[in-house]
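As structure tokens, the structure follows; a few thoughts come after it.
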Amino acid sequence: MEVYSSLLWQMGRGVELAFLAREMVDLAPGSGEAWIVLGNLFSVRKGGERALGCFRRAVELSCKGNREGLWYTLCGHESLDEDLPNAIRYFEKALKVDGGRHYNAWYGLGTCYLRMGKVRMAEYHFRRAVEVNVGSAVLLGCVGLAVERRKGEGAVGEALGWFERAVRVSEGRNALVRFREPRFM
């Protein structure tokens, strides 16, 4: 259900999330999954502090379960706008508990470092995300963006290569990478 709630969050479907949250809290109030659904509801409603509290509660309830990395990652994403150092800590915890296999945590770290102006660190983390999820046009585009911002000798050509790869992977459906690629032509 927490995956379904994340999909509803992605689509901005607050009404459906509210219904799902009510059902989950009624059915399993002490489960981490219920708290994730509730956190996604608060997040879609721009209640960052409350969402973060729900995600933290899910981690507490997980008892080192198999979803702990995902839940730490959600804490990190919820912290991105307000507290970059805490977001970094959450993403690092996510990678630690799942052995570095969670591409979304790598992506989150890349985003943090890009916002901090640490372009090479951002590029490193985006590249690690791509190693885990090679078929993601978004991640390929993020590497291209970091390379583009790095500047320096050969950066433009290398960035173009990443954007072209992202366009191929998405079969031209990803608007972000289609928009960025022509800037180099």
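Ordered as shown in the structure tokens, chains take letters A, B, and onward, while each chain numbers its residues from 1 and ligands are numbered from 1 in the order shown.
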Quiz item: Hey, what's within 12 Å of stretch 11-13 of chain A if we count only C-alpha atoms and toss same-chain stuff fewer than 2 positions away? As an MDAnalysis selection string, please?
Solution: chainID A and resid 4:9 15:20 40:46
Quiz item: If you count only C-alpha atoms, which residues fall within 8 Å of A:Ala105, apart from same-chain ones fewer than 6 positions away, as a PyMOL selection string?
Solution: chain A and resi 73+76+91-92+94-95+129
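Near stretch 146-153 of chain A, within a cut-off of 8 Å and counting only C-alpha atoms, sit the residues Leu114, Val119, Arg120, Ala122, Glu123, Glu158 and Ala159 of chain A, with same-chain residues fewer than 5 positions away left out.
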What does the file look like for those residues with N, CA and C atoms, as a JSON list (two decimals), in the first residue's frame?
[["chain", "number", "residue", "atom", "x", "y", "z"],
["A", 114, "LEU", "N", 23.87, 19.03, -5.58],
["A", 114, "LEU", "CA", 23.66, 20.00, -6.66],
["A", 114, "LEU", "C", 23.12, 21.31, -6.10],
["A", 119, "VAL", "N", 29.05, 20.36, -7.49],
["A", 119, "VAL", "CA", 28.67, 19.73, -8.74],
["A", 119, "VAL", "C", 29.34, 18.37, -8.92],
["A", 120, "ARG", "N", 30.60, 18.26, -8.60],
["A", 120, "ARG", "CA", 31.29, 16.97, -8.78],
["A", 120, "ARG", "C", 30.71, 15.90, -7.85],
["A", 122, "ALA", "N", 27.62, 15.90, -6.77],
["A", 122, "ALA", "CA", 26.31, 15.60, -7.34],
["A", 122, "ALA", "C", 26.46, 14.62, -8.49],
["A", 123, "GLU", "N", 27.41, 14.89, -9.36],
["A", 123, "GLU", "CA", 27.64, 14.01, -10.51],
["A", 123, "GLU", "C", 27.97, 12.59, -10.06],
["A", 158, "GLU", "N", 30.28, 15.70, -23.39],
["A", 158, "GLU", "CA", 29.92, 14.61, -22.50],
["A", 158, "GLU", "C", 28.47, 14.74, -22.03],
["A", 159, "ALA", "N", 28.07, 15.97, -21.68],
["A", 159, "ALA", "CA", 26.68, 16.20, -21.25],
["A", 159, "ALA", "C", 25.72, 15.85, -22.38]]
Exercise. Enumerate, as a VMD selection string, the complete set of residues in stretch 26-114 of chain A that a backbone-based DSSP assignment places in helix (DSSP H, G or I).
Key: chain A and resid 26 to 27 32 to 44 48 to 62 68 to 79 84 to 97 103 to 114
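Distances to A:Val130 were evaluated for A:Gly157, A:Arg101, A:Ala58, A:Gly117 using only C-alpha atoms, and the minimum falls at A:Arg101.
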Exercise. Rank A:Glu49, A:His102, A:Leu80, A:Asn86 by their smallest atom-to-atom distance to A:Glu68, using only C-alpha atoms, and report the top residue only.
Key: A:His102
Practice problem: Would you list the contacts of A:Leu74 as a ChimeraX atom specification, taking every protein, DNA or RNA residue within 12 Å and counting only C-alpha atoms, but skipping same-chain residues closer than 3 positions in sequence? | Solution: /A:2-3,6,9,35-37,39-40,43,48,51-59,67-71,77-80,87-91,93-94,102,104-105,107-108
Write a file of the selected residues as a CSV table (one decimal), in the first residue's frame, keeping N, CA and C atoms.
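That gives us again14.csv:
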chain,number,residue,atom,x,y,z
A,2,GLU,N,2.0,1.2,0.6
A,2,GLU,CA,2.9,2.4,0.6
A,2,GLU,C,3.4,2.7,-0.8
A,3,VAL,N,3.6,1.7,-1.6
A,3,VAL,CA,4.0,1.9,-3.0
A,3,VAL,C,2.8,2.6,-3.7
A,6,SER,N,2.5,6.1,-2.8
A,6,SER,CA,3.6,6.9,-3.4
A,6,SER,C,3.2,7.2,-4.9
A,9,TRP,N,0.7,9.9,-4.6
A,9,TRP,CA,1.4,11.2,-4.3
A,9,TRP,C,2.0,11.8,-5.6
A,35,TRP,N,1.7,4.4,8.3
A,35,TRP,CA,2.4,5.7,8.6
A,35,TRP,C,3.0,6.3,7.3
A,36,ILE,N,3.4,5.4,6.4
A,36,ILE,CA,4.0,5.9,5.1
A,36,ILE,C,2.8,6.5,4.3
A,37,VAL,N,1.7,5.8,4.3
A,37,VAL,CA,0.5,6.3,3.5
A,37,VAL,C,0.1,7.7,4.1
A,39,GLY,N,2.0,9.7,5.8
A,39,GLY,CA,3.0,10.7,5.5
A,39,GLY,C,2.9,11.2,4.1
A,40,ASN,N,2.6,10.3,3.1
A,40,ASN,CA,2.4,10.7,1.7
A,40,ASN,C,1.2,11.7,1.6
A,43,SER,N,2.3,15.0,2.9
A,43,SER,CA,3.3,15.6,1.9
A,43,SER,C,2.6,16.2,0.7
A,48,GLY,N,4.9,19.4,5.4
A,48,GLY,CA,6.2,18.7,5.4
A,48,GLY,C,6.6,18.2,6.8
A,51,ALA,N,4.4,15.2,7.6
A,51,ALA,CA,4.8,14.1,6.7
A,51,ALA,C,6.1,13.5,7.3
A,52,LEU,N,7.1,14.3,7.6
A,52,LEU,CA,8.4,13.8,8.1
A,52,LEU,C,8.2,13.0,9.4
A,53,GLY,N,7.3,13.5,10.2
A,53,GLY,CA,7.0,12.8,11.5
A,53,GLY,C,6.4,11.4,11.2
A,54,CYS,N,5.6,11.3,10.2
A,54,CYS,CA,5.0,10.0,9.9
A,54,CYS,C,6.0,9.1,9.3
A,55,PHE,N,6.9,9.6,8.4
A,55,PHE,CA,7.9,8.8,7.9
A,55,PHE,C,8.9,8.3,9.0
A,56,ARG,N,9.2,9.1,9.9
A,56,ARG,CA,10.1,8.7,11.0
A,56,ARG,C,9.4,7.6,11.8
A,57,ARG,N,8.1,7.8,12.1
A,57,ARG,CA,7.4,6.8,12.9
A,57,ARG,C,7.4,5.4,12.1
A,58,ALA,N,7.3,5.5,10.8
A,58,ALA,CA,7.4,4.2,10.0
A,58,ALA,C,8.7,3.6,10.2
A,59,VAL,N,9.8,4.3,10.2
A,59,VAL,CA,11.1,3.8,10.4
A,59,VAL,C,11.2,3.1,11.8
A,67,ARG,N,11.9,-2.6,4.2
A,67,ARG,CA,11.5,-1.4,3.5
A,67,ARG,C,12.2,-0.2,4.2
A,68,GLU,N,13.0,-0.4,5.2
A,68,GLU,CA,13.6,0.7,5.9
A,68,GLU,C,14.4,1.7,5.0
A,69,GLY,N,15.1,1.2,4.0
A,69,GLY,CA,15.8,2.0,3.1
A,69,GLY,C,14.9,3.0,2.4
A,70,LEU,N,13.8,2.5,1.9
A,70,LEU,CA,12.8,3.3,1.2
A,70,LEU,C,12.2,4.3,2.2
A,71,TRP,N,12.0,4.0,3.4
A,71,TRP,CA,11.4,4.9,4.3
A,71,TRP,C,12.3,6.0,4.7
A,77,HIS,N,13.7,12.9,1.2
A,77,HIS,CA,13.1,13.8,0.2
A,77,HIS,C,12.2,14.8,0.9
A,78,GLU,N,11.6,14.4,2.0
A,78,GLU,CA,10.7,15.4,2.7
A,78,GLU,C,11.6,16.5,3.3
A,79,SER,N,12.8,16.2,3.6
A,79,SER,CA,13.7,17.2,4.2
A,79,SER,C,14.5,18.1,3.2
A,80,LEU,N,14.4,17.8,2.0
A,80,LEU,CA,15.2,18.5,0.9
A,80,LEU,C,15.0,20.0,1.0
A,87,ALA,N,18.7,15.9,5.3
A,87,ALA,CA,18.3,15.1,4.1
A,87,ALA,C,19.5,14.2,3.7
A,88,ILE,N,20.7,14.7,3.8
A,88,ILE,CA,21.9,13.9,3.5
A,88,ILE,C,22.0,12.7,4.4
A,89,ARG,N,21.8,13.0,5.7
A,89,ARG,CA,21.9,11.9,6.7
A,89,ARG,C,20.8,10.8,6.4
A,90,TYR,N,19.6,11.2,6.1
A,90,TYR,CA,18.6,10.2,5.8
A,90,TYR,C,18.9,9.4,4.6
A,91,PHE,N,19.4,10.0,3.5
A,91,PHE,CA,19.8,9.3,2.3
A,91,PHE,C,20.9,8.4,2.6
A,93,LYS,N,21.6,7.0,5.5
A,93,LYS,CA,21.1,5.8,6.3
A,93,LYS,C,20.4,4.8,5.3
A,94,ALA,N,19.6,5.4,4.4
A,94,ALA,CA,18.9,4.5,3.4
A,94,ALA,C,19.9,3.6,2.7
A,102,HIS,N,19.7,1.3,-3.4
A,102,HIS,CA,18.5,2.1,-3.5
A,102,HIS,C,18.8,3.4,-4.4
A,104,ASN,N,17.1,5.7,-5.6
A,104,ASN,CA,16.4,6.9,-5.2
A,104,ASN,C,17.2,7.7,-4.1
A,105,ALA,N,17.9,6.9,-3.2
A,105,ALA,CA,18.7,7.6,-2.2
A,105,ALA,C,20.0,8.2,-2.9
A,107,TYR,N,20.0,9.3,-5.9
A,107,TYR,CA,19.5,10.5,-6.6
A,107,TYR,C,19.3,11.6,-5.6
A,108,GLY,N,18.7,11.3,-4.4
A,108,GLY,CA,18.5,12.3,-3.4
A,108,GLY,C,19.8,13.0,-3.0
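Across A:Leu109, A:Ala166, A:Ala28, A:Val97, the tightest approach to A:Ser136 is made by A:Ala166 when counting only C-alpha atoms.
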Quiz item: Hey, which of A:Val156, A:Gly110, A:Trp162, A:Arg128 ends up closest to A:Gly144? Count only C-alpha atoms.
Solution: A:Trp162
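For the pair atom CA of A:Asp83 and atom CA of A:Tyr103, the interatomic distance is 20.8 Å.
Nearest to A:Gly14 of all the residues A:Leu84, A:Leu38, A:Val167, A:Ala155 is A:Leu38, counting only C-alpha atoms.
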